[in-house]
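File shown: protein-v6.pdb. Contents: PDB, C-alpha atoms.
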```
ATOM      1  CA  MET A  22      -7.704 -15.442 -14.730
ATOM      2  CA  PRO A  23      -9.334 -12.579 -12.810
ATOM      3  CA  GLU A  24     -12.279 -10.833 -14.396
ATOM      4  CA  LYS A  25     -11.415  -7.285 -15.499
ATOM      5  CA  ILE A  26     -13.633  -4.397 -14.558
ATOM      6  CA  HIS A  27     -13.354  -1.373 -16.833
ATOM      7  CA  ILE A  28     -14.075   2.058 -15.437
ATOM      8  CA  PHE A  29     -14.088   5.091 -17.696
ATOM      9  CA  ILE A  30     -13.581   8.608 -16.410
ATOM     10  CA  GLN A  31     -14.574  11.134 -19.061
ATOM     11  CA  LYS A  32     -14.192  14.855 -19.517
ATOM     12  CA  LYS A  33     -15.081  16.430 -22.835
ATOM     13  CA  GLU A  34     -13.672  14.203 -25.580
ATOM     14  CA  GLU A  35     -10.951  12.588 -23.457
ATOM     15  CA  SER A  36     -11.139   9.410 -21.456
ATOM     16  CA  ILE A  37      -8.902   7.464 -19.152
ATOM     17  CA  LEU A  38      -9.168   3.743 -18.705
ATOM     18  CA  ILE A  39      -8.568   2.482 -15.199
ATOM     19  CA  LEU A  40      -8.311  -1.261 -14.819
ATOM     20  CA  SER A  41      -8.935  -3.142 -11.642
ATOM     21  CA  HIS A  42      -9.248  -6.824 -11.038
ATOM     22  CA  LYS A  43     -11.980  -8.738  -9.313
ATOM     23  CA  ASN A  44     -10.988 -12.101  -7.963
ATOM     24  CA  ASN A  45     -13.958 -14.248  -7.025
ATOM     25  CA  ASN A  46     -11.819 -16.755  -5.139
ATOM     26  CA  MET A  47     -10.560 -15.082  -1.982
ATOM     27  CA  SER A  48      -8.990 -18.213  -0.492
ATOM     28  CA  THR A  49      -5.293 -17.737   0.162
ATOM     29  CA  ALA A  50      -4.439 -21.424   0.488
ATOM     30  CA  ASN A  51      -1.291 -22.113  -1.513
ATOM     31  CA  LYS A  52      -1.500 -18.835  -3.449
ATOM     32  CA  ASN A  53       1.128 -16.177  -3.877
ATOM     33  CA  LEU A  54      -1.025 -13.082  -3.472
ATOM     34  CA  SER A  55       1.747 -10.794  -4.716
ATOM     35  CA  ASP A  56       1.562 -11.911  -8.356
ATOM     36  CA  TYR A  57       0.667  -9.064 -10.709
ATOM     37  CA  ASN A  58       1.100  -8.055 -14.332
ATOM     38  CA  ILE A  59       4.401  -6.176 -14.334
ATOM     39  CA  ALA A  60       3.943  -5.042 -17.942
ATOM     40  CA  ALA A  61       0.671  -3.279 -17.064
ATOM     41  CA  MET A  62       2.236  -1.192 -14.289
ATOM     42  CA  PRO A  63       2.663   2.570 -14.670
ATOM     43  CA  ASP A  64       6.135   4.066 -14.424
ATOM     44  CA  ALA A  65       6.872   5.180 -10.847
ATOM     45  CA  THR A  66       9.647   7.593 -11.878
ATOM     46  CA  PRO A  67       7.709  10.867 -11.519
ATOM     47  CA  TYR A  68       6.245  10.072  -8.092
ATOM     48  CA  ARG A  69       7.450  10.460  -4.510
ATOM     49  CA  PHE A  70       6.589   7.768  -1.981
ATOM     50  CA  GLY A  71       6.617   7.525   1.775
ATOM     51  CA  ILE A  72       6.882   4.214   3.567
ATOM     52  CA  VAL A  73       5.972   4.235   7.248
ATOM     53  CA  VAL A  74       7.020   1.012   8.932
ATOM     54  CA  ALA A  75       6.396  -0.225  12.470
ATOM     55  CA  GLU A  76       9.391  -1.467  14.446
ATOM     56  CA  TRP A  77       7.284  -3.871  16.519
ATOM     57  CA  ASN A  78       7.642  -7.404  15.077
ATOM     58  CA  THR A  79      10.639  -6.187  13.077
ATOM     59  CA  GLU A  80      11.411  -9.720  11.846
ATOM     60  CA  VAL A  81       8.242  -9.364   9.747
ATOM     61  CA  THR A  82       8.046  -5.622   9.112
ATOM     62  CA  SER A  83      11.642  -5.472   7.806
ATOM     63  CA  LYS A  84      10.644  -7.972   5.100
ATOM     64  CA  LEU A  85       7.527  -5.956   4.272
ATOM     65  CA  LEU A  86       9.713  -2.849   3.960
ATOM     66  CA  GLN A  87      12.196  -4.654   1.736
ATOM     67  CA  GLY A  88       9.392  -5.869  -0.523
ATOM     68  CA  ALA A  89       7.792  -2.425  -0.827
ATOM     69  CA  TYR A  90      11.086  -0.615  -1.395
ATOM     70  CA  ASN A  91      12.311  -3.083  -4.015
ATOM     71  CA  THR A  92       8.985  -2.991  -5.870
ATOM     72  CA  LEU A  93       9.004   0.815  -5.996
ATOM     73  CA  GLN A  94      12.563   0.749  -7.361
ATOM     74  CA  ARG A  95      11.714  -2.003  -9.871
ATOM     75  CA  HIS A  96       9.122   0.328 -11.371
ATOM     76  CA  GLY A  97      11.366   3.380 -11.595
ATOM     77  CA  ALA A  98      11.210   5.162  -8.241
ATOM     78  CA  ALA A  99      14.595   6.648  -7.366
ATOM     79  CA  ASP A 100      16.071   6.326  -3.872
ATOM     80  CA  GLU A 101      15.710  10.070  -3.345
ATOM     81  CA  ASN A 102      11.978   9.760  -4.069
ATOM     82  CA  ILE A 103      11.389   7.148  -1.370
ATOM     83  CA  ILE A 104      11.232   8.355   2.229
ATOM     84  CA  VAL A 105      11.231   5.672   4.933
ATOM     85  CA  VAL A 106       9.950   6.574   8.386
ATOM     86  CA  HIS A 107      10.155   4.154  11.311
ATOM     87  CA  VAL A 108       7.580   4.311  14.096
ATOM     88  CA  PRO A 109       7.465   2.266  17.318
ATOM     89  CA  GLY A 110       4.361   0.192  16.576
ATOM     90  CA  SER A 111       1.418  -0.234  14.250
ATOM     91  CA  PHE A 112      -0.775   2.239  16.136
ATOM     92  CA  GLU A 113       1.735   4.992  15.296
ATOM     93  CA  LEU A 114       1.579   4.289  11.547
ATOM     94  CA  THR A 115      -1.112   6.918  11.058
ATOM     95  CA  ILE A 116       0.826   9.765  12.716
ATOM     96  CA  GLY A 117       3.867   8.868  10.628
ATOM     97  CA  ALA A 118       1.775   8.970   7.465
ATOM     98  CA  SER A 119       0.036  12.177   8.549
ATOM     99  CA  THR A 120       3.385  13.882   9.114
ATOM    100  CA  LEU A 121       4.597  13.019   5.608
ATOM    101  CA  LEU A 122       1.326  14.159   4.065
ATOM    102  CA  SER A 123       1.085  17.408   6.016
ATOM    103  CA  GLN A 124       4.583  18.385   4.861
ATOM    104  CA  LYS A 125       3.555  17.672   1.233
ATOM    105  CA  LEU A 126       6.580  15.436   0.790
ATOM    106  CA  VAL A 127       4.954  12.553  -1.078
ATOM    107  CA  ASP A 128       2.390  11.553  -3.689
ATOM    108  CA  ALA A 129       1.462   8.345  -1.842
ATOM    109  CA  VAL A 130       2.188   6.723   1.515
ATOM    110  CA  ILE A 131       2.468   3.032   2.327
ATOM    111  CA  VAL A 132       1.948   1.972   5.939
ATOM    112  CA  LEU A 133       3.476  -1.349   6.950
ATOM    113  CA  GLY A 134       2.998  -3.212  10.189
ATOM    114  CA  VAL A 135       1.806  -6.437  11.724
ATOM    115  CA  VAL A 136      -0.605  -7.106  14.561
ATOM    116  CA  ILE A 137      -0.803 -10.682  15.799
ATOM    117  CA  GLN A 138      -3.812 -11.914  17.763
ATOM    118  CA  GLY A 139      -3.047 -12.399  21.426
ATOM    119  CA  GLU A 140      -5.052 -13.267  24.513
ATOM    120  CA  THR A 141      -6.557  -9.804  24.992
ATOM    121  CA  ARG A 142      -8.657  -7.383  22.958
ATOM    122  CA  HIS A 143      -5.569  -5.262  22.230
ATOM    123  CA  PHE A 144      -5.498  -6.770  18.709
ATOM    124  CA  ASP A 145      -9.018  -5.487  17.988
ATOM    125  CA  PHE A 146      -8.337  -1.969  19.215
ATOM    126  CA  ILE A 147      -5.063  -1.593  17.290
ATOM    127  CA  CYS A 148      -6.497  -3.012  14.043
ATOM    128  CA  GLN A 149      -9.601  -0.856  14.254
ATOM    129  CA  GLY A 150      -7.631   2.289  15.103
ATOM    130  CA  VAL A 151      -5.165   1.873  12.238
ATOM    131  CA  THR A 152      -7.913   1.009   9.744
ATOM    132  CA  GLN A 153      -9.959   4.073  10.693
ATOM    133  CA  GLY A 154      -6.849   6.249  10.765
ATOM    134  CA  VAL A 155      -5.732   5.223   7.285
ATOM    135  CA  THR A 156      -9.231   5.767   5.910
ATOM    136  CA  GLN A 157      -9.364   9.234   7.481
ATOM    137  CA  LEU A 158      -5.961  10.189   6.054
ATOM    138  CA  ASN A 159      -7.037   9.190   2.532
ATOM    139  CA  ILE A 160     -10.033  11.494   2.842
ATOM    140  CA  GLN A 161      -8.321  14.339   4.704
ATOM    141  CA  TYR A 162      -5.328  14.704   2.377
ATOM    142  CA  ASN A 163      -6.796  13.360  -0.877
ATOM    143  CA  LYS A 164      -3.617  11.317  -1.294
ATOM    144  CA  PRO A 165      -3.330   7.549  -1.390
ATOM    145  CA  VAL A 166      -2.459   5.971   1.940
ATOM    146  CA  ILE A 167      -2.020   2.279   1.288
ATOM    147  CA  PHE A 168      -2.976  -0.200   4.000
ATOM    148  CA  GLY A 169      -0.113  -2.666   4.443
ATOM    149  CA  LEU A 170      -1.027  -3.871   7.925
ATOM    150  CA  LEU A 171      -0.961  -7.614   8.421
ATOM    151  CA  THR A 172      -3.615  -8.738  10.904
ATOM    152  CA  THR A 173      -2.938 -12.381  11.621
ATOM    153  CA  ASP A 174      -3.769 -15.084  14.127
ATOM    154  CA  ASN A 175      -0.138 -16.129  14.581
ATOM    155  CA  MET A 176       3.453 -15.442  13.580
ATOM    156  CA  GLN A 177       3.431 -18.128  10.870
ATOM    157  CA  GLN A 178       0.585 -16.413   9.027
ATOM    158  CA  ALA A 179       2.544 -13.155   9.219
ATOM    159  CA  THR A 180       5.769 -14.647   7.843
ATOM    160  CA  ASP A 181       3.797 -16.407   5.085
ATOM    161  CA  ARG A 182       2.653 -12.926   3.952
ATOM    162  CA  ALA A 183       6.031 -11.213   4.359
ATOM    163  CA  GLY A 184       7.997 -12.988   1.662
ATOM    164  CA  GLY A 185       6.695 -16.482   2.392
ATOM    165  CA  LYS A 186       4.355 -18.780   0.522
ATOM    166  CA  HIS A 187       1.647 -16.123   0.170
ATOM    167  CA  GLY A 188       3.973 -13.476  -1.250
ATOM    168  CA  ASN A 189       4.837 -10.153   0.330
ATOM    169  CA  LYS A 190       2.186  -7.638   1.380
ATOM    170  CA  GLY A 191       4.892  -4.981   1.023
ATOM    171  CA  ASP A 192       5.072  -5.732  -2.719
ATOM    172  CA  GLU A 193       1.295  -5.522  -2.986
ATOM    173  CA  ALA A 194       1.181  -2.216  -1.106
ATOM    174  CA  ALA A 195       3.853  -0.701  -3.372
ATOM    175  CA  VAL A 196       1.958  -1.805  -6.480
ATOM    176  CA  ALA A 197      -1.202  -0.161  -5.134
ATOM    177  CA  ALA A 198       0.721   3.033  -4.267
ATOM    178  CA  ILE A 199       2.115   3.334  -7.795
ATOM    179  CA  GLN A 200      -1.267   2.658  -9.368
ATOM    180  CA  MET A 201      -3.057   5.172  -7.146
ATOM    181  CA  ALA A 202      -0.435   7.926  -7.570
ATOM    182  CA  HIS A 203      -0.673   7.437 -11.328
ATOM    183  CA  MET A 204      -4.488   7.446 -11.252
ATOM    184  CA  GLN A 205      -4.489  10.779  -9.413
ATOM    185  CA  TYR A 206      -2.013  12.199 -11.926
ATOM    186  CA  GLN A 207      -4.202  11.080 -14.853
ATOM    187  CA  ILE A 208      -7.317  12.628 -13.353
ATOM    188  CA  ALA A 209      -5.470  15.880 -12.598
ATOM    189  CA  GLU A 210      -4.394  15.996 -16.255
ATOM    190  CA  LEU A 211      -8.060  16.071 -17.272
ATOM    191  CA  ASN A 212      -8.436  19.394 -15.446
ATOM    192  CA  LYS A 213      -5.627  21.057 -17.424
ATOM    193  CA  ASP A 214      -7.768  22.624 -20.117
TER     194      ASP A 214
END
```

Please go through the file and, once you have read it, give me the structure as structure tokens.
Amino acid sequence: MPEKIHIFIQKKEESILILSHKNNNMSTANKNLSDYNIAAMPDATPYRFGIVVAEWNTEVTSKLLQGAYNTLQRHGAADENIIVVHVPGSFELTIGASTLLSQKLVDAVIVLGVVIQGETRHFDFICQGVTQGVTQLNIQYNKPVIFGLLTTDNMQQATDRAGGKHGNKGDEAAVAAIQMAHMQYQIAELNKD
């Protein structure tokens, strides 16, 4: 059972409890990393989500997309509140997310892609660029941009994390998007006095 960390955000006499989990065992061997407490999830009904998905390695990214989309729906997001944008590859994930955010179309964006280690340094440059880009978008727009980029050594590791034995990173990204959109809503409610 993961240890719970309680964080309180207070304003005047009100407080909001935000729960996060700390897992001391980071090994993924034989674990489904997509397990979560469904009952503890906020309702996704009032939020709008963008999913930006890379077309490169579509046999993996289509499963990530399916996982994210289904998880958003499972928690109340309507089809009309989920915008899916396809981009050529993982490097283009950030411009897809930036476009959705700049048009103020969504409360949170999920980026989904996969980069598999090859014989050149291309892997390093793409992973670093997307990581920095997603971080910058979170800061620039003050909206959650959820990192759903698989960075694996081989195709088997990618498929194991796209609906395989280690769960679906798309599910995990959707859970994070719902939680972060809800957290921002709760904090904004504190300012309505």

Could you tell me which residues the PyMOL selection byres ((chain A and resi 91) around 12) grabs in this file, written as a list of chain:residue names?
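Selection result, ordered by chain and number: A:Ile72, A:Lys84, A:Leu85, A:Leu86, A:Gln87, A:Gly88, A:Ala89, A:Tyr90, A:Thr92, A:Leu93, A:Gln94, A:Arg95, A:His96, A:Gly97, A:Ala98, A:Ala99, A:Asp100, A:Ile103, A:Asn189, A:Gly191, A:Asp192, A:Glu193, A:Ala194, A:Ala195, A:Val196.
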
Under the PyMOL selection byres ((chain A and resi 176) around 12), which residues of this model are included? Write them out as a compact mmCIF listing (two decimals) with C-alpha atoms, keeping the file's coordinate frame.
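What ended up in result.txt:
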```txt
# COMPACT_ATOMS: atom_id res chain seq x y z
CA ASN A 78 7.64 -7.40 15.08
CA THR A 79 10.64 -6.19 13.08
CA GLU A 80 11.41 -9.72 11.85
CA VAL A 81 8.24 -9.36 9.75
CA THR A 82 8.05 -5.62 9.11
CA VAL A 135 1.81 -6.44 11.72
CA VAL A 136 -0.60 -7.11 14.56
CA ILE A 137 -0.80 -10.68 15.80
CA GLN A 138 -3.81 -11.91 17.76
CA GLY A 139 -3.05 -12.40 21.43
CA LEU A 171 -0.96 -7.61 8.42
CA THR A 172 -3.62 -8.74 10.90
CA THR A 173 -2.94 -12.38 11.62
CA ASP A 174 -3.77 -15.08 14.13
CA ASN A 175 -0.14 -16.13 14.58
CA GLN A 177 3.43 -18.13 10.87
CA GLN A 178 0.58 -16.41 9.03
CA ALA A 179 2.54 -13.16 9.22
CA THR A 180 5.77 -14.65 7.84
CA ASP A 181 3.80 -16.41 5.08
CA ARG A 182 2.65 -12.93 3.95
CA ALA A 183 6.03 -11.21 4.36
CA GLY A 185 6.70 -16.48 2.39
```

If you apply the PyMOL selection byres ((chain A and resi 110) around 10) to this file, what residues do you get, as a list of chain:residue names?
A:Val74, A:Ala75, A:Glu76, A:Trp77, A:Asn78, A:Thr79, A:His107, A:Val108, A:Pro109, A:Ser111, A:Phe112, A:Glu113, A:Leu114, A:Leu133, A:Gly134, A:Val135, A:Val136, A:Ile147

With all atoms listed in the file counted, which protein, DNA or RNA residues have an atom no more than 6 Å from (5.1, 10.5, -2.6) in the file frame? Please answer as a ChimeraX atom specification.
/A:68-71,127-129

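Closest approach to Val132 in chain A among A:Met201, A:Val155, A:Ile104, A:Cys148 is made by A:Val155 (distances from only C-alpha atoms).
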
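Going from CA of Gly184 in chain A over to CA of Asp56 in chain A, you cover 12.0 Å.
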
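Minimum distance to Asn102 in chain A across A:Thr152, A:Ser119, A:Thr66, A:Thr141 (counting all atoms listed in the file) occurs at A:Thr66.
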